[in-house]
Structures are given as structure tokens and as C-alpha cells.
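Structure record follows, encoded as C-alpha cells.
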Amino acid sequence: MKFNFANHQEVDSLDGVPENFRVFYGEGESGGYRLRSDDPVVSAAVASISGLANSLNAARGDADKAKKSAVDLSALSEYGETPESILEAFKSRLAEQAKAGGKDAAGELQRLREEMTKANQAALAERDGIVESLRNQLFTQMVDSEAIRAISEQRGVSELLMPFVRQQVKAVQEDGQLRVYVVDDNGDRRYSGTSGNPMSIPELVSEMKGNARYGRLFESEAPRGTGMTPSQPRRAQPPKQEMSSTEKIQAGLAAQMTGRG
């Protein structure tokens, strides 16, 4: 990873900062942008990325040296411990076979070549495995640091959402740098519907929140109710009509008759 955070604590523009690292910067007090190292999440992510990048570069250097220099010769230990001793032993074997008629010399030479090829391939496979392991660690750190922040801002459950986010992200090595892109089901790069740029992980998380499949893994933004059933409004009683004089007399007589009974 060519980008060095220590040399880019403050920058005038984010153009020179890899796109995946721009989320670690905020606006500076006197203009430009400043690495948000006071944020513990950013500080931990930067430390991890820097450490993994250094390890990856070191592994690549060691692998290149190993490729150009010594090869594991353990498979040829029956001939000797060093290339010189193996060569001398092989010459001696050829001389013995020549005395016996030289019938098996060509077969012995072919077998020796095959064993050396296998030993060389095993050493290269081990180197490639180390490089790939470090590459995967760096990829995971780059994705997780940005995705966890985006999920937290959208009030999602990181433990449940992270596997789905990783499935939709792919790492590509471009210009000597490892870049992370959001992809579709076919592995093709996705682009933002608003900016036209490659879709970012925060945009992906925001899209997932509005998806019926993943939306349940985010906290609802609807206001919580009290759980009480609202009381039913009382029905208005119709106003009483004033009785006429005749109706008042009849009502009085009726009350007296009731009292006597």
C-alpha cells in the first residue's frame, strides 16, 4: 500500500487520498482536511491498515527474494544438501550408469528435473498463500471499518448485517493499491444513482435499510407509542326541549298518581 497516513495527517484536497480512506478525514479548522485520529474507531482502523500494509509489502519482498534465490531442495536430499553437492552426486550417478550401459541416464535426468520443479512450485505456492492471507486481512479491515461506521449511523445491527455487506463488496488491485468496490450479483461494479461514481459502502448500507429483506435488521425510526388504547369520545347528548304548560301539568299529575299508588 503506497499511501502513508503519517505523511498525510493534513491535506489540502482529498484528490490524493485513496477513495476508501477518505472517510477517515474531516474538514480542518483552517481549511483543507485533517485525519480524524482523535476518533478511536479511525485511529484503530488506520493502525490496522498501516500494519497490514507493511506486513504485506514485507511478505512480497521476501517472496521476490525467495523466488530469485534459493529453492527448497529437501526433495533432493538423497543427492546432497547444497546445489553443488547435488550436482556432484548426480554426475557420479550418471558416470555409474554410463559404465553400466547408460540405459537409465535419460530417465534419471527427467526425474531429477521433475523433482526440482515440484520443489520450486511448492515454495512459490507457500509464498502466494502468505501474500493472499495478508491481502484478505487488509481487505476485511478496509471493509469492516467503513461498513461498521455506516451501519451505526443508520442504526443497524452490525453483527447481522456485516456478512451481507461483505457479499456485495469486492477487492481489486489497481495501480499498486487495493481498492474496494460494491458489486452486483454478477460481480459487476455498481454505480451511485445520484453522483454517477462507483457506489460507496455507506450508500450500499442506506440502500439495504430501505430493502424489505434487510430493513428488519435496522431500528425503526417511527415514534414509539404508549401502548394504551385511546379512550372513546363520549357521544354528545341532544339538548333537552322546554316542556309546554300542558306537558308540565300532565307530568305533575302523573308524579302524584305514582306516589299514591
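Letters A, B, ... mark the chains of the C-alpha cells in the order given; residue numbers begin at 1 per chain; ligand numbers begin at 1, in order shown.
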Go through stretch 145-166 of chain A residue by residue and, counting only C-alpha atoms, keep those with an atom at most 10 Å from stretch 37-42 of chain A; for each kept residue give the shortest atom pair and its distance in Å to one decimal, ordered by chain and increasing number, as JSON lines.
{"residue": "A:Ser145", "atom": "CA", "partner": "A:Val41", "partner_atom": "CA", "distance": 7.6}
{"residue": "A:Glu146", "atom": "CA", "partner": "A:Val42", "partner_atom": "CA", "distance": 9.3}
{"residue": "A:Ile148", "atom": "CA", "partner": "A:Val41", "partner_atom": "CA", "distance": 9.6}
{"residue": "A:Arg149", "atom": "CA", "partner": "A:Val41", "partner_atom": "CA", "distance": 8.4}
Writer output for current selection, C-alpha atoms, as a compact mmCIF listing (two decimals), in the first residue's frame:
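Final file, out_3.txt:
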# COMPACT_ATOMS: atom_id res chain seq x y z
CA SER A 145 -14.02 -0.13 9.33
CA GLU A 146 -16.20 1.71 6.82
CA ILE A 148 -19.47 -0.65 10.77
CA ARG A 149 -19.47 3.15 10.83
Which residues come within 9 Å of stretch 21-23 of chain A, counting only C-alpha atoms, excluding same-chain residues fewer than 2 positions away, as a PyMOL selection string?
chain A and resi 14+17-19+25-26+35+42+46+142+146
Using only C-alpha atoms, which protein or nucleic acid residues come within 10 Å of A:Leu160? Drop anything in the same chain fewer than 5 positions from it, and give the result as an mmCIF file with N, CA and C atoms, in the first residue's frame.
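The result, stored in part12.cif:
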data_model
loop_
_atom_site.group_PDB
_atom_site.id
_atom_site.type_symbol
_atom_site.label_atom_id
_atom_site.label_comp_id
_atom_site.auth_asym_id
_atom_site.auth_seq_id
_atom_site.Cartn_x
_atom_site.Cartn_y
_atom_site.Cartn_z
ATOM 1 N N VAL A 165 -23.081 -7.392 3.823
ATOM 2 C CA VAL A 165 -22.296 -6.314 3.206
ATOM 3 C C VAL A 165 -21.080 -6.901 2.501
ATOM 4 N N TYR A 214 -33.578 -6.670 4.154
ATOM 5 C CA TYR A 214 -32.624 -6.280 5.186
ATOM 6 C C TYR A 214 -33.172 -5.227 6.150
ATOM 7 N N LEU A 217 -33.369 -5.495 9.961
ATOM 8 C CA LEU A 217 -32.153 -5.519 10.760
ATOM 9 C C LEU A 217 -31.725 -4.117 11.194
ATOM 10 N N PHE A 218 -32.571 -3.117 10.917
ATOM 11 C CA PHE A 218 -32.329 -1.747 11.352
ATOM 12 C C PHE A 218 -33.419 -1.350 12.343
#
